[in-house]
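Enquirer: Coordinates in upload_0.cif, mmCIF, C-alpha atoms, are listed below.
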data_start
loop_
_atom_site.group_PDB
_atom_site.id
_atom_site.type_symbol
_atom_site.label_atom_id
_atom_site.label_comp_id
_atom_site.auth_asym_id
_atom_site.auth_seq_id
_atom_site.Cartn_x
_atom_site.Cartn_y
_atom_site.Cartn_z
ATOM 1 C CA MET M 5 23.729 10.404 20.109
ATOM 2 C CA THR M 6 25.617 10.507 16.822
ATOM 3 C CA THR M 7 23.773 12.507 14.168
ATOM 4 C CA ASP M 8 25.989 11.797 11.183
ATOM 5 C CA ASN M 9 25.291 8.507 9.383
ATOM 6 C CA ASN M 10 28.914 7.908 8.338
ATOM 7 C CA LEU M 11 30.256 8.716 11.809
ATOM 8 C CA ALA M 12 27.718 6.293 13.283
ATOM 9 C CA VAL M 13 28.997 3.463 11.108
ATOM 10 C CA VAL M 14 32.676 4.219 11.896
ATOM 11 C CA ASP M 15 31.883 4.402 15.610
ATOM 12 C CA TRP M 16 30.284 0.972 15.610
ATOM 13 C CA GLU M 17 33.047 -0.594 13.545
ATOM 14 C CA ALA M 18 35.681 0.792 15.926
ATOM 15 C CA HIS M 19 33.942 -0.366 19.095
ATOM 16 C CA ASN M 20 32.733 -3.808 18.039
ATOM 17 C CA PRO M 21 28.922 -3.457 17.870
ATOM 18 C CA PRO M 22 26.950 -5.659 20.250
ATOM 19 C CA THR M 23 25.345 -8.846 19.025
ATOM 20 C CA ASP M 24 22.938 -9.435 21.937
ATOM 21 C CA LEU M 25 20.326 -6.905 20.823
ATOM 22 C CA ILE M 26 16.764 -7.109 22.124
ATOM 23 C CA PHE M 27 14.087 -7.196 19.444
ATOM 24 C CA ASP M 28 11.012 -7.682 21.599
ATOM 25 C CA ASP M 29 10.276 -5.817 24.822
ATOM 26 C CA GLY M 30 7.000 -7.627 25.372
ATOM 27 C CA GLU M 31 4.903 -4.506 24.862
ATOM 28 C CA VAL M 32 1.896 -4.744 22.555
ATOM 29 C CA LEU M 33 0.410 -2.089 20.312
ATOM 30 C CA GLU M 34 -1.987 0.442 21.807
ATOM 31 C CA SER M 35 -5.088 -1.391 20.553
ATOM 32 C CA ASN M 36 -6.305 -3.936 18.032
ATOM 33 C CA ARG M 37 -7.177 -1.038 15.746
ATOM 34 C CA HIS M 38 -3.583 0.186 15.909
ATOM 35 C CA ARG M 39 -2.373 -3.292 14.952
ATOM 36 C CA ILE M 40 -4.739 -3.423 11.978
ATOM 37 C CA ALA M 41 -3.772 0.125 10.947
ATOM 38 C CA MET M 42 -0.092 -0.832 10.936
ATOM 39 C CA ASN M 43 -0.681 -3.960 8.877
ATOM 40 C CA VAL M 44 -2.844 -2.052 6.402
ATOM 41 C CA LEU M 45 0.056 0.268 5.569
ATOM 42 C CA ILE M 46 2.609 -2.549 5.358
ATOM 43 C CA ARG M 47 0.503 -4.962 3.313
ATOM 44 C CA SER M 48 -0.898 -2.394 0.902
ATOM 45 C CA LEU M 49 2.598 -1.118 0.088
ATOM 46 C CA GLN M 50 3.767 -4.692 -0.449
ATOM 47 C CA GLN M 51 0.794 -5.207 -2.769
ATOM 48 C CA ILE M 52 1.417 -2.192 -4.990
ATOM 49 C CA TRP M 53 5.151 -2.967 -5.065
ATOM 50 C CA SER M 54 4.765 -6.729 -5.413
ATOM 51 C CA ASP M 55 7.113 -6.698 -8.410
ATOM 52 C CA ARG M 56 9.881 -4.913 -6.489
ATOM 53 C CA ASN M 57 12.506 -6.183 -4.064
ATOM 54 C CA ASP M 58 14.524 -3.000 -3.558
ATOM 55 C CA TYR M 59 12.895 -1.847 -0.333
ATOM 56 C CA PHE M 60 12.088 -2.972 3.184
ATOM 57 C CA THR M 61 8.934 -2.112 5.067
ATOM 58 C CA GLY M 62 8.134 -3.056 8.639
ATOM 59 C CA GLY M 63 6.329 -1.940 11.732
ATOM 60 C CA ASN M 64 6.619 -2.025 15.515
ATOM 61 C CA MET M 65 10.263 -3.087 15.093
ATOM 62 C CA PHE M 66 13.200 -1.659 17.016
ATOM 63 C CA ILE M 67 15.609 0.600 15.171
ATOM 64 C CA TYR M 68 19.140 0.517 16.624
ATOM 65 C CA TYR M 69 21.275 3.508 15.713
ATOM 66 C CA SER M 70 23.708 4.459 18.515
ATOM 67 C CA SER M 71 25.703 3.100 21.470
ATOM 68 C CA SER M 72 24.146 5.584 23.903
ATOM 69 C CA GLN M 73 20.708 4.390 22.851
ATOM 70 C CA ILE M 74 21.579 0.835 23.876
ATOM 71 C CA ARG M 75 23.214 1.913 27.129
ATOM 72 C CA HIS M 76 20.083 3.795 28.114
ATOM 73 C CA ARG M 77 17.796 1.067 26.714
ATOM 74 C CA ASP M 78 16.077 3.769 24.703
ATOM 75 C CA PHE M 79 14.221 1.534 22.276
ATOM 76 C CA ARG M 80 12.621 3.149 19.241
ATOM 77 C CA GLY M 81 10.157 1.176 17.151
ATOM 78 C CA PRO M 82 8.175 3.172 14.579
ATOM 79 C CA ASP M 83 4.717 1.796 13.915
ATOM 80 C CA PHE M 84 5.420 1.821 10.168
ATOM 81 C CA PHE M 85 8.573 2.581 8.230
ATOM 82 C CA VAL M 86 10.088 2.121 4.779
ATOM 83 C CA VAL M 87 13.720 2.002 3.718
ATOM 84 C CA LEU M 88 14.346 2.347 -0.012
ATOM 85 C CA ASN M 89 17.159 0.970 -2.176
ATOM 86 C CA VAL M 90 17.997 -1.989 0.055
ATOM 87 C CA ASP M 91 17.674 -5.747 -0.397
ATOM 88 C CA GLY M 92 14.160 -6.467 0.771
ATOM 89 C CA SER M 93 14.679 -10.234 0.814
ATOM 90 C CA ASN M 94 17.034 -10.182 3.822
ATOM 91 C CA PRO M 95 15.315 -11.477 6.985
ATOM 92 C CA ARG M 96 15.380 -8.891 9.768
ATOM 93 C CA GLN M 97 14.173 -8.954 13.381
ATOM 94 C CA GLY M 98 14.682 -5.220 13.591
ATOM 95 C CA TRP M 99 16.520 -2.461 11.774
ATOM 96 C CA VAL M 100 20.156 -2.235 12.862
ATOM 97 C CA VAL M 101 21.695 0.831 11.224
ATOM 98 C CA TRP M 102 25.333 -0.309 11.417
ATOM 99 C CA GLU M 103 24.383 -3.580 9.691
ATOM 100 C CA GLU M 104 22.568 -1.671 6.929
ATOM 101 C CA ASN M 105 25.435 0.551 5.720
ATOM 102 C CA GLY M 106 24.238 3.407 7.895
ATOM 103 C CA ARG M 107 20.791 3.515 6.297
ATOM 104 C CA TYR M 108 17.851 5.021 8.191
ATOM 105 C CA PRO M 109 14.137 4.888 7.293
ATOM 106 C CA ASP M 110 13.076 7.100 4.384
ATOM 107 C CA VAL M 111 9.442 7.213 5.534
ATOM 108 C CA ILE M 112 7.912 6.780 8.985
ATOM 109 C CA VAL M 113 4.291 6.756 10.158
ATOM 110 C CA GLU M 114 3.487 6.799 13.869
ATOM 111 C CA LEU M 115 0.009 5.675 14.889
ATOM 112 C CA MET M 116 -0.794 7.981 17.776
ATOM 113 C CA SER M 117 -3.066 7.701 20.761
ATOM 114 C CA ARG M 118 -3.984 10.277 23.376
ATOM 115 C CA SER M 119 -1.141 9.053 25.566
ATOM 116 C CA THR M 120 1.537 9.079 22.833
ATOM 117 C CA ALA M 121 0.588 12.107 20.692
ATOM 118 C CA GLY M 122 2.914 14.438 22.594
ATOM 119 C CA ILE M 123 5.886 12.097 22.173
ATOM 120 C CA ASP M 124 5.103 11.316 18.526
ATOM 121 C CA LYS M 125 4.942 15.021 17.647
ATOM 122 C CA GLY M 126 7.744 15.986 19.993
ATOM 123 C CA ILE M 127 10.665 13.748 20.952
ATOM 124 C CA LYS M 128 10.167 11.281 18.115
ATOM 125 C CA LYS M 129 9.658 13.989 15.512
ATOM 126 C CA ASP M 130 12.906 15.635 16.621
ATOM 127 C CA LEU M 131 14.722 12.278 16.500
ATOM 128 C CA TYR M 132 13.485 11.472 13.002
ATOM 129 C CA GLU M 133 14.369 14.971 11.807
ATOM 130 C CA GLN M 134 17.741 15.536 13.463
ATOM 131 C CA THR M 135 19.225 12.026 13.745
ATOM 132 C CA PHE M 136 17.418 9.774 11.277
ATOM 133 C CA HIS M 137 16.985 12.531 8.654
ATOM 134 C CA THR M 138 13.849 10.689 7.556
ATOM 135 C CA SER M 139 12.481 12.420 4.457
ATOM 136 C CA ASP M 140 8.761 12.011 5.160
ATOM 137 C CA TYR M 141 7.172 11.687 8.597
ATOM 138 C CA PHE M 142 3.462 11.268 9.324
ATOM 139 C CA VAL M 143 1.303 10.823 12.404
ATOM 140 C CA TYR M 144 -2.256 9.524 12.629
ATOM 141 C CA ASP M 145 -4.576 8.437 15.413
ATOM 142 C CA PRO M 146 -6.861 5.597 14.183
ATOM 143 C CA PHE M 147 -9.491 6.833 16.617
ATOM 144 C CA ASP M 148 -9.395 10.442 15.337
ATOM 145 C CA ALA M 149 -10.152 10.978 11.635
ATOM 146 C CA ASN M 150 -8.899 14.564 11.752
ATOM 147 C CA SER M 151 -5.489 13.796 13.237
ATOM 148 C CA LEU M 152 -3.451 13.156 10.068
ATOM 149 C CA GLN M 153 -0.345 15.358 9.881
ATOM 150 C CA GLY M 154 2.895 15.134 7.951
ATOM 151 C CA TRP M 155 6.264 16.779 7.418
ATOM 152 C CA HIS M 156 8.916 16.686 4.691
ATOM 153 C CA LEU M 157 12.610 17.301 5.261
ATOM 154 C CA ASP M 158 13.766 20.422 3.390
ATOM 155 C CA HIS M 159 17.232 21.178 1.976
ATOM 156 C CA GLU M 160 18.305 22.512 5.372
ATOM 157 C CA GLN M 161 17.417 19.186 7.008
ATOM 158 C CA GLN M 162 14.427 20.661 8.816
ATOM 159 C CA TYR M 163 10.860 19.394 8.787
ATOM 160 C CA GLN M 164 8.315 21.524 6.977
ATOM 161 C CA PRO M 165 4.602 20.753 7.447
ATOM 162 C CA LEU M 166 2.808 19.243 4.461
ATOM 163 C CA THR M 167 -0.291 20.938 3.063
ATOM 164 C CA PRO M 168 -3.230 18.589 2.438
ATOM 165 C CA ASN M 169 -4.924 18.488 -0.966
ATOM 166 C CA GLU M 170 -8.655 18.974 -1.519
ATOM 167 C CA ASN M 171 -9.281 15.448 -0.176
ATOM 168 C CA GLY M 172 -7.250 16.069 2.963
ATOM 169 C CA TRP M 173 -4.472 13.755 1.730
ATOM 170 C CA LEU M 174 -0.760 14.391 2.217
ATOM 171 C CA TRP M 175 1.841 13.752 -0.483
ATOM 172 C CA CYS M 176 4.624 11.304 0.404
ATOM 173 C CA ARG M 177 7.409 12.320 -1.932
ATOM 174 C CA ARG M 178 9.708 9.387 -1.250
ATOM 175 C CA LEU M 179 7.024 6.790 -1.986
ATOM 176 C CA GLY M 180 5.322 8.713 -4.783
ATOM 177 C CA LEU M 181 1.988 8.096 -3.058
ATOM 178 C CA TRP M 182 -0.660 10.041 -1.198
ATOM 179 C CA LEU M 183 -1.421 9.217 2.433
ATOM 180 C CA GLY M 184 -5.051 9.880 3.229
ATOM 181 C CA THR M 185 -8.026 8.399 5.035
ATOM 182 C CA TRP M 186 -10.553 5.782 3.986
ATOM 183 C CA GLU M 187 -13.644 4.567 5.806
ATOM 184 C CA GLY M 188 -14.458 0.898 5.717
ATOM 185 C CA THR M 189 -14.268 -2.475 7.427
ATOM 186 C CA ILE M 190 -10.956 -4.328 7.670
ATOM 187 C CA ASP M 191 -10.473 -7.491 9.721
ATOM 188 C CA ARG M 192 -14.039 -7.103 11.016
ATOM 189 C CA GLU M 193 -13.384 -3.624 12.409
ATOM 190 C CA THR M 194 -15.029 -0.547 10.884
ATOM 191 C CA ALA M 195 -13.042 2.673 11.188
ATOM 192 C CA ILE M 196 -11.463 5.517 9.268
ATOM 193 C CA TRP M 197 -8.072 4.146 8.316
ATOM 194 C CA ALA M 198 -4.891 5.774 7.048
ATOM 195 C CA ARG M 199 -4.484 4.454 3.491
ATOM 196 C CA PHE M 200 -2.237 5.043 0.504
ATOM 197 C CA TYR M 201 -3.517 6.398 -2.814
ATOM 198 C CA ASP M 202 -1.643 6.423 -6.103
ATOM 199 C CA VAL M 203 -0.901 9.498 -8.212
ATOM 200 C CA ALA M 204 -4.223 9.140 -10.035
ATOM 201 C CA GLY M 205 -6.104 9.072 -6.726
ATOM 202 C CA ASN M 206 -6.868 5.338 -6.738
ATOM 203 C CA LEU M 207 -6.876 3.518 -3.421
ATOM 204 C CA VAL M 208 -3.848 1.262 -2.976
ATOM 205 C CA LEU M 209 -5.467 -2.092 -2.345
ATOM 206 C CA LEU M 210 -4.696 -4.757 0.198
ATOM 207 C CA PRO M 211 -3.888 -8.199 -1.262
ATOM 208 C CA GLU M 212 -7.352 -9.538 -0.432
ATOM 209 C CA GLU M 213 -8.995 -6.453 -1.928
ATOM 210 C CA ALA M 214 -6.947 -6.853 -5.104
ATOM 211 C CA ALA M 215 -7.839 -10.556 -5.270
ATOM 212 C CA LYS M 216 -11.533 -9.764 -4.813
ATOM 213 C CA LEU M 217 -11.370 -7.109 -7.529
ATOM 214 C CA GLN M 218 -9.636 -9.542 -9.876
ATOM 215 C CA ALA M 219 -12.269 -12.184 -9.142
ATOM 216 C CA GLN M 220 -15.047 -9.674 -9.857
ATOM 217 C CA ALA M 221 -13.317 -8.650 -13.085
ATOM 218 C CA ALA M 222 -12.932 -12.286 -14.118
ATOM 219 C CA LYS M 223 -16.614 -12.920 -13.329
ATOM 220 C CA SER M 224 -17.658 -9.860 -15.334
ATOM 221 C CA GLN M 225 -15.514 -10.983 -18.276
ATOM 222 C CA ALA M 226 -17.060 -14.457 -18.110
ATOM 223 C CA GLU M 227 -20.561 -12.930 -18.044
ATOM 224 C CA VAL M 228 -19.733 -10.689 -21.018
ATOM 225 C CA ALA M 229 -18.305 -13.660 -22.931
ATOM 226 C CA LYS M 230 -21.410 -15.716 -22.131
ATOM 227 C CA ALA M 231 -23.697 -12.865 -23.252
ATOM 228 C CA ARG M 232 -21.752 -12.515 -26.499
ATOM 229 C CA GLU M 233 -21.945 -16.259 -27.079
ATOM 230 C CA LYS M 234 -25.699 -16.168 -26.492
ATOM 231 C CA GLU M 235 -26.058 -13.221 -28.841
ATOM 232 C CA ALA M 236 -24.017 -14.974 -31.538
ATOM 233 C CA LYS M 237 -26.125 -18.122 -31.155
ATOM 234 C CA SER M 238 -29.290 -16.015 -31.393
ATOM 235 C CA ARG M 239 -28.049 -14.388 -34.595
ATOM 236 C CA GLU M 240 -27.181 -17.804 -35.996
ATOM 237 C CA GLU M 241 -30.671 -19.117 -35.192
ATOM 238 C CA GLU M 242 -32.248 -16.024 -36.769
ATOM 239 C CA ALA M 243 -30.170 -16.501 -39.919
ATOM 240 C CA LYS M 244 -31.180 -20.178 -40.051
ATOM 241 C CA SER M 245 -34.846 -19.231 -39.613
ATOM 242 C CA ARG M 246 -34.613 -16.681 -42.443
ATOM 243 C CA GLU M 247 -32.931 -19.288 -44.668
ATOM 244 C CA GLU M 248 -35.649 -21.852 -43.924
ATOM 245 C CA ALA M 249 -38.375 -19.257 -44.538
ATOM 246 C CA ALA M 250 -36.797 -18.290 -47.864
ATOM 247 C CA LYS M 251 -36.549 -21.960 -48.847
ATOM 248 C CA ALA M 252 -40.202 -22.588 -47.928
ATOM 249 C CA LYS M 253 -41.267 -19.534 -49.933
ATOM 250 C CA ALA M 254 -39.332 -20.765 -52.971
ATOM 251 C CA THR M 255 -40.969 -24.181 -52.657
ATOM 252 C CA ARG M 256 -44.450 -22.642 -52.547
ATOM 253 C CA LEU M 257 -43.664 -20.433 -55.535
ATOM 254 C CA ALA M 258 -42.397 -23.418 -57.551
ATOM 255 C CA ALA M 259 -45.554 -25.381 -56.737
ATOM 256 C CA ARG M 260 -47.737 -22.467 -57.847
ATOM 257 C CA LEU M 261 -45.850 -22.175 -61.154
ATOM 258 C CA ARG M 262 -46.378 -25.860 -61.829
ATOM 259 C CA GLU M 263 -50.104 -25.385 -61.208
ATOM 260 C CA LEU M 264 -50.036 -22.699 -63.899
ATOM 261 C CA GLY M 265 -48.246 -25.064 -66.324
ATOM 262 C CA GLU M 266 -44.847 -23.502 -65.935
ATOM 263 C CA ASN M 267 -41.632 -25.363 -65.227
ATOM 264 C CA PRO M 268 -39.862 -23.414 -62.446
ATOM 265 C CA ASP M 269 -36.563 -25.066 -63.329
ATOM 266 C CA MET M 270 -36.672 -23.491 -66.788
ATOM 267 C CA LEU M 271 -37.168 -19.940 -65.491
#
Represent the structure contained in this file as structure tokens.

Expert:
Amino acid sequence: MTTDNNLAVVDWEAHNPPTDLIFDDGEVLESNRHRIAMNVLIRSLQQIWSDRNDYFTGGNMFIYYSSSQIRHRDFRGPDFFVVLNVDGSNPRQGWVVWEENGRYPDVIVELMSRSTAGIDKGIKKDLYEQTFHTSDYFVYDPFDANSLQGWHLDHEQQYQPLTPNENGWLWCRRLGLWLGTWEGTIDRETAIWARFYDVAGNLVLLPEEAAKLQAQAAKSQAEVAKAREKEAKSREEEAKSREEAAKAKATRLAARLRELGENPDML
């Protein structure tokens, strides 16, 4: 297993990298909740970065990085990963390091289960630290709200555990976002999900959540505009009523003056 990115690229160029790569081994995610949890991370990041195209985010996709990996059919597919400073518009079936200028994921999240926790915090953690050199690595079990853990790669290329803030969130330095938990219903399933939060502590919304919020804001603005219009009309009617009352009073006063022999027009 080659640990140096540049050496990995040279190795593949010298030995004609294979073109018959497998991108689907037929295995499904651990559960429906794991599938939803993966999509939540992918889609919420795409929502907050909807104006950017300099990154790629995917999940449950193979990452090819060495010849020995292919020989041993040692497929590695992180549940969620992000690669920064790449062309996000390129279609990809998987992440092939030698086709991406030797780039590895900058952030990885593995969605654990009881059967995979040991691997996710053992073999995979070592791989992401020592070979991928992935800056930020997190693990979370969607069925265990207290399972969130994370590590950041220090200057010696070793993972150091992240300390949660007062909310139990972990800071993802490469994304500039917090990774924490949020309880709610998504795709008809209620659970405690791993979610991103921005620097100010606001939940990073899914596209449908953002659309709903925008619709509510538009409705509120329409209601405020309607209330203001009603208030303006009410003030106009009040002003008209005062004008009519003043005119009626002047008419009565003029009539009274005429009764007293005075010409109101001469006063």

Enquirer: Against range 99-117 of chain M, which residues of range 163-249 of chain M fall within 12 Å? For each one I want the closest pair of atoms and the distance in Å (one decimal), counting only C-alpha atoms, rows by chain and increasing residue number, as JSON lines.

Expert:
{"residue": "M:Trp175", "atom": "CA", "partner": "M:Val111", "partner_atom": "CA", "distance": 11.7}
{"residue": "M:Cys176", "atom": "CA", "partner": "M:Val111", "partner_atom": "CA", "distance": 8.1}
{"residue": "M:Arg177", "atom": "CA", "partner": "M:Val111", "partner_atom": "CA", "distance": 9.3}
{"residue": "M:Arg178", "atom": "CA", "partner": "M:Asp110", "partner_atom": "CA", "distance": 7.0}
{"residue": "M:Leu179", "atom": "CA", "partner": "M:Val111", "partner_atom": "CA", "distance": 7.9}
{"residue": "M:Gly180", "atom": "CA", "partner": "M:Val111", "partner_atom": "CA", "distance": 11.2}
{"residue": "M:Leu181", "atom": "CA", "partner": "M:Val111", "partner_atom": "CA", "distance": 11.4}
{"residue": "M:Leu183", "atom": "CA", "partner": "M:Val113", "partner_atom": "CA", "distance": 9.9}
{"residue": "M:Trp197", "atom": "CA", "partner": "M:Leu115", "partner_atom": "CA", "distance": 10.5}
{"residue": "M:Ala198", "atom": "CA", "partner": "M:Leu115", "partner_atom": "CA", "distance": 9.2}
{"residue": "M:Arg199", "atom": "CA", "partner": "M:Val113", "partner_atom": "CA", "distance": 11.3}
{"residue": "M:Phe200", "atom": "CA", "partner": "M:Val113", "partner_atom": "CA", "distance": 11.8}

Enquirer: Can you list, as a ChimeraX atom specification, the residues that the PyMOL selection byres ((chain M and resi 149-155) around 6) selects here?

Expert: /M:140-145,148,156,163-166

Enquirer: For range 186-193 of chain M, what centre and edge lengths in Å (one decimal) does the axis-aligned box get once 8 Å is added on each side of all its listed atoms, as lines of an AutoDock Vina configuration file?

Expert:
center_x = -12.5
center_y = -0.9
center_z = 8.2
size_x = 20.0
size_y = 29.3
size_z = 24.4

Enquirer: Just give me the gap between CA of Val208 in chain M and CA of Ser48 in chain M in Å, one decimal is fine.

Expert: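 Interatomic distance here is 6.1 Å.
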
Enquirer: So, counting all atoms listed in the file, which residue among M:Asn57, M:Asp91, M:Gln220, M:Pro146 is closest to Thr194 in chain M?

Expert: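 Nearest candidate to Thr194 in chain M out of M:Asn57, M:Asp91, M:Gln220, M:Pro146: M:Pro146.
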
Enquirer: So that I can check the surroundings of range 250-258 of chain M, please list as a PyMOL selection string every protein, DNA and RNA residue that reaches within 10 Å of it, counting all atoms listed in the file and ignoring chain neighbours fewer than 5 positions away.

Expert: chain M and resi 244-245+263-264+266-269

Enquirer: Return the single residue from M:Leu210, M:Gly81, M:Phe147, M:Ser93 that is closest to Ala195 in chain M, with distances computed using only C-alpha atoms.

Expert: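 With only C-alpha atoms as the atom set, the closest residue is M:Phe147.
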